[in-house]
file model-v6.cif (mmCIF, C-alpha atoms and all ligand atoms)
data_coords
#
loop_
_atom_site.label_atom_id
_atom_site.label_comp_id
_atom_site.auth_asym_id
_atom_site.auth_seq_id
_atom_site.Cartn_x
_atom_site.Cartn_y
_atom_site.Cartn_z
CA MET T 1 25.73 2.13 -6.95
CA THR T 2 23.71 1.57 -10.16
CA THR T 3 20.06 2.60 -10.20
CA SER T 4 17.30 0.66 -11.90
CA LEU T 5 15.08 2.22 -14.57
CA SER T 6 11.38 1.68 -13.84
CA VAL T 7 9.25 0.46 -16.75
CA ALA T 8 5.51 -0.03 -17.38
CA VAL T 9 4.09 -2.07 -20.27
CA ILE T 10 0.81 -1.11 -21.95
CA GLY T 11 -0.81 -3.98 -23.84
CA ALA T 12 0.88 -6.30 -21.34
CA ALA T 13 -1.34 -9.33 -22.01
CA GLY T 14 -0.80 -9.26 -25.77
CA ARG T 15 1.71 -11.22 -27.87
CA MET T 16 4.34 -8.47 -27.78
CA GLY T 17 3.40 -6.94 -24.45
CA SER T 18 3.81 -10.24 -22.59
CA ALA T 19 7.19 -10.82 -24.26
CA ALA T 20 8.23 -7.27 -23.33
CA CYS T 21 7.22 -7.83 -19.66
CA ALA T 22 9.36 -10.99 -19.57
CA ALA T 23 12.31 -9.18 -21.18
CA VAL T 24 12.11 -6.28 -18.72
CA GLU T 25 11.85 -8.69 -15.78
CA GLY T 26 14.92 -10.51 -17.07
CA ALA T 27 17.05 -7.34 -17.28
CA SER T 28 19.02 -6.57 -14.12
CA ASP T 29 19.05 -2.80 -14.78
CA LEU T 30 15.26 -2.51 -15.30
CA THR T 31 12.28 -2.94 -12.96
CA LEU T 32 8.77 -3.72 -14.19
CA VAL T 33 6.42 -1.51 -12.17
CA GLY T 34 3.14 -1.81 -14.10
CA ARG T 35 1.18 -3.92 -16.58
CA TYR T 36 -1.81 -2.34 -18.33
CA ASP T 37 -4.36 -3.60 -20.80
CA ALA T 38 -7.59 -2.53 -22.47
CA GLY T 39 -9.94 -0.86 -19.98
CA ASP T 40 -7.25 -0.19 -17.35
CA ASP T 41 -6.74 3.31 -15.95
CA LEU T 42 -3.13 4.19 -16.75
CA GLY T 43 -3.02 6.58 -13.78
CA ASP T 44 0.57 7.38 -12.86
CA LEU T 45 1.76 4.26 -14.71
CA GLY T 46 2.97 2.79 -11.44
CA GLY T 47 5.58 5.52 -11.14
CA ALA T 48 7.34 4.33 -14.30
CA GLU T 49 10.05 6.42 -15.92
CA VAL T 50 9.51 4.69 -19.27
CA ALA T 51 6.36 3.09 -20.71
CA VAL T 52 6.36 0.55 -23.54
CA ASP T 53 3.26 0.49 -25.79
CA PHE T 54 2.29 -2.61 -27.80
CA THR T 55 -1.45 -2.15 -28.23
CA VAL T 56 -3.57 -1.41 -31.32
CA PRO T 57 -3.31 1.46 -33.82
CA ASP T 58 -6.49 3.17 -32.58
CA ALA T 59 -5.44 3.10 -28.91
CA SER T 60 -1.75 3.93 -29.09
CA PRO T 61 -1.96 7.73 -29.66
CA ALA T 62 -4.11 8.25 -26.54
CA ASN T 63 -1.80 6.02 -24.49
CA VAL T 64 1.26 7.96 -25.63
CA ARG T 65 -0.48 11.27 -24.92
CA HIS T 66 -1.17 10.06 -21.39
CA CYS T 67 2.51 9.13 -20.93
CA VAL T 68 3.78 12.47 -22.23
CA GLU T 69 1.32 14.48 -20.12
CA HIS T 70 2.53 12.56 -17.04
CA GLY T 71 6.21 13.13 -17.87
CA VAL T 72 6.81 9.46 -18.74
CA HIS T 73 9.09 8.61 -21.68
CA ALA T 74 7.53 6.19 -24.20
CA VAL T 75 8.83 3.39 -26.42
CA VAL T 76 6.16 2.56 -28.98
CA GLY T 77 6.04 -0.53 -31.19
CA THR T 78 2.39 -0.24 -32.15
CA THR T 79 1.72 0.41 -35.83
CA GLY T 80 -0.56 3.03 -37.42
CA TRP T 81 1.47 6.17 -36.77
CA SER T 82 0.46 8.17 -39.85
CA THR T 83 2.07 11.52 -40.71
CA ASP T 84 -0.92 13.31 -39.13
CA ARG T 85 -0.59 11.36 -35.87
CA LEU T 86 3.16 12.02 -35.75
CA ASP T 87 2.60 15.74 -36.34
CA THR T 88 0.08 15.88 -33.47
CA LEU T 89 2.56 14.08 -31.20
CA ARG T 90 5.35 16.51 -32.15
CA GLU T 91 3.09 19.43 -31.16
CA LEU T 92 2.36 17.78 -27.81
CA LEU T 93 6.05 17.12 -27.17
CA ALA T 94 6.87 20.77 -27.85
CA ASP T 95 5.04 21.53 -24.57
CA HIS T 96 6.86 18.74 -22.68
CA ALA T 97 10.46 19.39 -23.65
CA SER T 98 12.10 16.85 -21.33
CA VAL T 99 10.05 13.85 -22.50
CA GLY T 100 11.33 11.41 -25.14
CA VAL T 101 9.16 9.23 -27.39
CA LEU T 102 10.53 6.52 -29.68
CA ILE T 103 8.20 5.22 -32.39
CA ALA T 104 9.80 2.08 -33.81
CA PRO T 105 8.14 0.31 -36.76
CA ASN T 106 10.40 -2.71 -36.11
CA PHE T 107 12.71 -3.53 -33.18
CA ALA T 108 14.57 -6.47 -34.80
CA VAL T 109 18.13 -5.52 -35.68
CA GLY T 110 17.96 -7.55 -38.90
CA ALA T 111 14.86 -5.66 -39.98
CA LEU T 112 16.66 -2.36 -39.41
CA LEU T 113 19.58 -3.60 -41.52
CA MET T 114 17.15 -4.81 -44.21
CA MET T 115 15.62 -1.32 -44.44
CA SER T 116 19.05 0.29 -44.51
CA PHE T 117 20.28 -2.06 -47.27
CA ALA T 118 17.10 -1.44 -49.26
CA GLN T 119 17.67 2.32 -49.06
CA GLN T 120 21.21 1.78 -50.36
CA ALA T 121 20.03 -0.41 -53.25
CA ALA T 122 17.02 1.72 -54.21
CA ARG T 123 18.69 4.07 -56.68
CA PHE T 124 20.34 1.28 -58.70
CA TYR T 125 17.17 -0.64 -59.66
CA GLU T 126 14.33 0.35 -61.95
CA SER T 127 11.92 -2.17 -60.41
CA VAL T 128 11.12 -2.93 -56.79
CA GLU T 129 8.27 -4.63 -54.91
CA ILE T 130 7.78 -5.66 -51.26
CA VAL T 131 6.11 -8.84 -49.94
CA GLU T 132 5.43 -9.01 -46.20
CA THR T 133 4.15 -12.12 -44.41
CA HIS T 134 2.72 -12.21 -40.88
CA HIS T 135 0.69 -14.39 -38.51
CA PRO T 136 -3.08 -14.37 -39.17
CA GLY T 137 -3.81 -12.53 -35.89
CA LYS T 138 -2.37 -9.30 -37.28
CA VAL T 139 -5.09 -6.64 -37.62
CA ASP T 140 -3.42 -4.15 -39.97
CA ALA T 141 -2.08 -4.35 -43.52
CA PRO T 142 0.34 -3.53 -44.90
CA SER T 143 2.68 -4.00 -41.94
CA GLY T 144 4.25 -0.90 -40.44
CA THR T 145 7.63 -2.25 -41.52
CA ALA T 146 6.55 -2.64 -45.14
CA ALA T 147 5.04 0.85 -45.21
CA ARG T 148 8.21 2.33 -43.71
CA THR T 149 10.44 0.37 -46.12
CA ALA T 150 8.41 1.59 -49.09
CA GLU T 151 8.65 5.21 -47.88
CA LEU T 152 12.43 4.93 -47.47
CA ILE T 153 12.87 3.35 -50.91
CA ALA T 154 10.61 5.95 -52.54
CA ARG T 155 12.56 8.77 -50.88
CA ALA T 156 15.91 7.32 -52.01
CA ARG T 157 14.62 6.92 -55.58
CA ALA T 158 13.28 10.49 -55.64
CA GLU T 159 16.57 11.90 -54.30
CA ALA T 160 18.47 10.03 -57.02
CA GLY T 161 16.05 11.13 -59.74
CA VAL T 162 14.83 7.58 -60.49
CA GLY T 163 11.43 7.64 -62.25
CA PRO T 164 8.32 5.57 -61.57
CA VAL T 165 8.55 1.77 -61.32
CA PRO T 166 7.69 0.39 -64.79
CA ASP T 167 4.32 -1.38 -64.91
CA ALA T 168 2.08 -1.79 -67.94
CA THR T 169 -0.94 -3.03 -65.95
CA GLU T 170 -4.13 -1.46 -67.33
CA SER T 171 -6.72 -3.73 -65.73
CA ASP T 172 -6.61 -5.00 -62.13
CA PRO T 173 -10.22 -5.44 -60.95
CA LEU T 174 -9.23 -7.63 -57.97
CA GLY T 175 -6.33 -5.54 -56.73
CA ALA T 176 -3.89 -8.32 -57.59
CA ARG T 177 -1.04 -5.84 -58.01
CA GLY T 178 -1.20 -5.10 -54.28
CA GLY T 179 -1.20 -1.83 -52.38
CA ASP T 180 0.62 1.31 -53.48
CA VAL T 181 2.80 3.10 -50.91
CA ASP T 182 4.46 6.16 -52.46
CA GLY T 183 4.55 4.38 -55.84
CA ILE T 184 5.97 1.11 -54.46
CA ARG T 185 3.82 -2.03 -54.68
CA VAL T 186 3.34 -3.83 -51.34
CA HIS T 187 1.80 -7.32 -50.99
CA SER T 188 0.58 -8.73 -47.66
CA GLN T 189 0.25 -12.42 -46.80
CA ARG T 190 -1.28 -13.78 -43.55
CA LEU T 191 -0.24 -17.37 -42.82
CA ARG T 192 -0.66 -19.63 -39.77
CA GLY T 193 2.74 -20.58 -38.38
CA ARG T 194 4.51 -17.40 -39.49
CA VAL T 195 5.59 -14.53 -37.21
CA ALA T 196 7.01 -11.55 -39.21
CA HIS T 197 8.79 -11.77 -42.55
CA GLN T 198 9.59 -9.42 -45.41
CA GLU T 199 11.20 -9.76 -48.82
CA ILE T 200 12.21 -6.82 -51.02
CA SER T 201 12.73 -7.73 -54.69
CA PHE T 202 14.75 -5.38 -56.88
CA GLY T 203 15.03 -5.80 -60.66
CA ALA T 204 17.12 -4.29 -63.43
CA GLU T 205 18.00 -5.42 -66.97
CA GLY T 206 19.44 -8.95 -66.63
CA GLU T 207 19.72 -9.06 -62.83
CA ALA T 208 17.83 -9.30 -59.55
CA LEU T 209 18.59 -8.48 -55.93
CA THR T 210 16.52 -9.91 -53.08
CA ILE T 211 16.77 -8.67 -49.48
CA ARG T 212 14.93 -10.79 -46.92
CA HIS T 213 14.43 -10.73 -43.17
CA ASP T 214 12.65 -13.27 -40.97
CA SER T 215 11.55 -12.97 -37.35
CA PHE T 216 10.83 -16.59 -36.39
CA ASP T 217 10.15 -15.71 -32.75
CA ARG T 218 9.14 -12.54 -30.87
CA VAL T 219 12.36 -12.79 -28.84
CA SER T 220 13.97 -11.25 -31.95
CA PHE T 221 12.37 -7.90 -31.06
CA MET T 222 13.40 -7.84 -27.38
CA PRO T 223 17.03 -6.61 -27.54
CA GLY T 224 15.73 -3.66 -29.57
CA VAL T 225 12.89 -2.96 -27.13
CA LEU T 226 15.34 -2.94 -24.20
CA ALA T 227 17.81 -0.76 -26.12
CA GLY T 228 14.97 1.70 -26.79
CA VAL T 229 13.91 1.72 -23.12
CA ARG T 230 17.48 2.42 -21.96
CA ALA T 231 18.13 5.14 -24.55
CA VAL T 232 14.84 7.07 -24.72
CA PRO T 233 15.33 9.15 -21.52
CA GLU T 234 18.49 10.58 -23.12
CA HIS T 235 16.62 11.57 -26.32
CA PRO T 236 13.94 14.18 -25.58
CA GLY T 237 11.46 14.86 -28.38
CA LEU T 238 10.26 12.46 -31.08
CA THR T 239 12.47 9.82 -32.67
CA VAL T 240 11.04 7.63 -35.46
CA GLY T 241 13.06 4.45 -35.96
CA LEU T 242 15.30 2.60 -33.49
CA GLU T 243 18.14 2.90 -36.01
CA HIS T 244 18.73 6.44 -34.72
CA PHE T 245 19.65 5.05 -31.27
CA LEU T 246 21.94 2.36 -32.73
CA GLY T 247 24.11 4.46 -35.02
CA LEU T 248 22.39 3.09 -38.13
CA GLY T 249 20.26 6.13 -38.97
N1 LIG O 1 7.67 -2.54 -33.64
C1 LIG O 1 7.83 -3.88 -33.62
O1 LIG O 1 8.96 -4.41 -33.70
C2 LIG O 1 6.61 -4.73 -33.50
C3 LIG O 1 5.39 -4.15 -33.50
N2 LIG O 1 4.26 -4.89 -33.37
C4 LIG O 1 3.02 -4.15 -33.30
O2 LIG O 1 2.62 -4.10 -31.94
C5 LIG O 1 1.19 -4.05 -31.87
C6 LIG O 1 0.70 -5.16 -30.95
O3 LIG O 1 0.95 -6.41 -31.56
P1 LIG O 1 0.56 -7.77 -30.82
O4 LIG O 1 1.21 -7.82 -29.49
O5 LIG O 1 0.81 -8.86 -31.79
O6 LIG O 1 -1.02 -7.57 -30.63
P2 LIG O 1 -1.98 -8.26 -29.57
O7 LIG O 1 -3.36 -8.13 -30.12
O8 LIG O 1 -1.48 -9.61 -29.20
O9 LIG O 1 -1.85 -7.34 -28.26
C7 LIG O 1 -2.42 -6.08 -28.13
C8 LIG O 1 -2.77 -5.89 -26.66
O10 LIG O 1 -3.18 -4.54 -26.45
C9 LIG O 1 -4.34 -4.56 -25.66
N3 LIG O 1 -5.09 -3.32 -25.84
C10 LIG O 1 -6.02 -3.01 -26.76
N4 LIG O 1 -6.46 -1.75 -26.58
C11 LIG O 1 -5.79 -1.25 -25.52
C12 LIG O 1 -5.80 -0.01 -24.82
N5 LIG O 1 -6.61 0.98 -25.20
N6 LIG O 1 -4.98 0.15 -23.78
C13 LIG O 1 -4.17 -0.83 -23.36
N7 LIG O 1 -4.11 -2.05 -23.96
C14 LIG O 1 -4.91 -2.25 -25.03
C15 LIG O 1 -5.08 -5.79 -26.11
O11 LIG O 1 -6.05 -6.19 -25.15
P3 LIG O 1 -7.41 -6.94 -25.67
O12 LIG O 1 -6.92 -8.14 -26.41
O13 LIG O 1 -8.13 -7.21 -24.40
O14 LIG O 1 -8.12 -5.96 -26.57
C16 LIG O 1 -3.92 -6.79 -26.21
O15 LIG O 1 -3.60 -7.35 -24.95
C17 LIG O 1 0.69 -4.14 -33.31
O16 LIG O 1 0.46 -2.83 -33.81
C18 LIG O 1 1.86 -4.78 -34.04
O17 LIG O 1 1.89 -4.47 -35.40
C19 LIG O 1 4.33 -6.25 -33.24
C20 LIG O 1 5.53 -6.89 -33.27
C21 LIG O 1 6.78 -6.19 -33.39
O1 LIG O 2 2.09 -7.37 -35.95
C1 LIG O 2 3.24 -7.86 -35.95
O2 LIG O 2 3.46 -9.03 -35.61
C2 LIG O 2 4.36 -7.02 -36.36
N1 LIG O 2 4.13 -5.76 -36.55
C3 LIG O 2 5.08 -4.78 -36.95
C4 LIG O 2 4.73 -4.29 -38.34
O3 LIG O 2 3.56 -4.12 -38.66
O4 LIG O 2 5.66 -4.02 -39.11
C5 LIG O 2 6.52 -5.27 -36.82
C6 LIG O 2 6.71 -6.72 -37.19
O5 LIG O 2 6.59 -6.84 -38.57
C7 LIG O 2 5.72 -7.59 -36.47
#
call {"tool": "encode", "arguments": {"input": "model-v6.cif", "output": "structure tokens", "more": "lines below"}}
Ligand SMILES: NC(=O)C1=CN([C@@H]2O[C@H](COP(=O)(O)OP(=O)(O)OC[C@H]3O[C@@H](n4cnc5c(N)ncnc54)[C@H](OP(=O)(O)O)[C@@H]3O)[C@@H](O)[C@H]2O)C=CC1
Ligand SMILES: O=C(O)C1=N[C@H](C(=O)O)C[C@H](O)C1
result
Amino acid sequence: MTTSLSVAVIGAAGRMGSAACAAVEGASDLTLVGRYDAGDDLGDLGGAEVAVDFTVPDASPANVRHCVEHGVHAVVGTTGWSTDRLDTLRELLADHASVGVLIAPNFAVGALLMMSFAQQAARFYESVEIVETHHPGKVDAPSGTAARTAELIARARAEAGVGPVPDATESDPLGARGGDVDGIRVHSQRLRGRVAHQEISFGAEGEALTIRHDSFDRVSFMPGVLAGVRAVPEHPGLTVGLEHFLGLG
């Protein structure tokens, strides 16, 4: 007899949370036992074994703390997990050794491949910049995916001994050169009609390489969310990036 894994969704009325509820309800091996939104008491999370968090950067750490302290594994898609926040979560998890938390900047398999390909390419190109495009309802910039991609590229460049990206800009009073994540320029666009898109442009003498991923619909994230839910109970401690559950990390 197969048993069903019980799942709660926090941020259930949001764009991602509502899609996650539908995905869980559509999976024969999972049972949706709770939907929570702003102002709700998370309580025992309806007896869930795994909670999924798609809320807002300022709320997610407290939600995840609540899950961990109640022995509930967590799959987190919410952005804003800075190094400090991750360190605090690691300390908390040290006291709850059986609990697993997955923080996933992007659940779309193509986005994971895009980041992996970018890491591979990073050491071969002197120049690189990232442009991310999202729907205008997004509250944070740059996207978590762009920030993570920039970190991975910067790390790969540093390991290979590649120097700074060349850039002669001396004056940029309007910030037209974009944000700087670990020395990588990141540009954010917010456009009606878009969902989640990213393009990484590499340049070297006489050539260019462009790596692009598009999520046209939030269904693109759902196989990854469900894979995270199924795998997280088997991975106690903190995992950053779904790629580590898919053999891509
Ligand atoms: N990892 C990935 O693959 C993806 C990650 N994301 C990320 O997921 C997050 C959510 O995105 P999205 O669904 O578009 O955002 P939405 O604004 O559509 O949804 C957020 C939901 O969270 C609710 N909420 C706010 N505060 C709390 C709280 N303290 N406790 C419980 N619920 C709360 C909101 O309620 P109310 O509106 O009443 O405040 C809302 O229903 C963002 O950080 C986004 O970047 C998005 C897509 C993919
Ligand atoms: O807010 C979104 O929509 C998305 N957020 C995540 C991010 O910030 O990277 C993942 C995806 O890009 C969609």
call {"tool": "closest_residue", "arguments": {"input": "model-v6.cif", "among": "T:Val181, T:Val56, T:Leu102, T:Leu113", "to": "ligand LIG 1 (chain O)", "atoms": "only C-alpha atoms and all ligand atoms"}}
result
T:Val56
call {"tool": "closest_residue", "arguments": {"input": "model-v6.cif", "among": "T:Asp29, T:Glu132, T:Asp53, T:Asp167", "to": "Arg212 of chain T", "atoms": "all atoms listed in the file"}}
result
T:Glu132
call {"tool": "residues_around", "arguments": {"input": "model-v6.cif", "residues": "Glu199 of chain T", "least_positions_apart": "5", "cutoff": "6 Å", "atoms": "only C-alpha atoms", "output": "list in words"}}
result
Ile130, Val131, Ile211 and Arg212 of chain T
call {"tool": "residues_near_ligand", "arguments": {"input": "model-v6.cif", "ligand": "ligand LIG 2 (chain O)", "cutoff": "6 Å", "atoms": "only C-alpha atoms and all ligand atoms", "output": "list in words"}}
result
Thr79, Pro105, Asn106, Lys138, Ser143, Gly144, Thr145 and Ala196 of chain T
call {"tool": "write_last_selection", "arguments": {"input": "model-v6.cif", "atoms": "C-alpha atoms", "output": "PDB file, in the coordinates of the input"}}
result
ATOM      1  CA  THR T  79       1.720   0.410 -35.830  1.00  0.00           C
ATOM      2  CA  PRO T 105       8.140   0.310 -36.760  1.00  0.00           C
ATOM      3  CA  ASN T 106      10.400  -2.710 -36.110  1.00  0.00           C
ATOM      4  CA  LYS T 138      -2.370  -9.300 -37.280  1.00  0.00           C
ATOM      5  CA  SER T 143       2.680  -4.000 -41.940  1.00  0.00           C
ATOM      6  CA  GLY T 144       4.250  -0.900 -40.440  1.00  0.00           C
ATOM      7  CA  THR T 145       7.630  -2.250 -41.520  1.00  0.00           C
ATOM      8  CA  ALA T 196       7.010 -11.550 -39.210  1.00  0.00           C
TER       9      ALA T 196
END
call {"tool": "closest_residue", "arguments": {"input": "model-v6.cif", "among": "T:Pro223, T:Gly47, T:Gly161, T:Gly203", "to": "ligand LIG 1 (chain O)", "atoms": "all atoms listed in the file"}}
result
T:Pro223
call {"tool": "residues_near_ligand", "arguments": {"input": "model-v6.cif", "ligand": "ligand LIG 1 (chain O)", "cutoff": "8 Å", "atoms": "all atoms listed in the file", "output": "PyMOL selection string"}}
result
chain T and resi 10-18+36-40+53-60+62-63+76-80+103-108+137-140+143-145+196+218+221+224-225
call {"tool": "atom_distance", "arguments": {"input": "model-v6.cif", "atom1": "atom CA of Ala19 of chain T", "atom2": "atom CA of Ser82 of chain T"}}
result
25.5 Å
call {"tool": "atom_distance", "arguments": {"input": "model-v6.cif", "atom1": "atom CA of Leu5 of chain T", "atom2": "atom CA of Leu30 of chain T"}}
result
4.8 Å
call {"tool": "atom_distance", "arguments": {"input": "model-v6.cif", "atom1": "atom CA of Arg185 of chain T", "atom2": "atom CA of Ala150 of chain T"}}
result
8.1 Å
call {"tool": "closest_residue", "arguments": {"input": "model-v6.cif", "among": "T:Thr31, T:Ser171, T:Ser98, T:Ser188", "to": "Glu129 of chain T", "atoms": "all atoms listed in the file"}}
result
T:Ser188
call {"tool": "residues_around", "arguments": {"input": "model-v6.cif", "residues": "Thr210 of chain T", "least_positions_apart": "5", "cutoff": "8 Å", "atoms": "only C-alpha atoms", "output": "PyMOL selection string"}}
result
chain T and resi 199-202
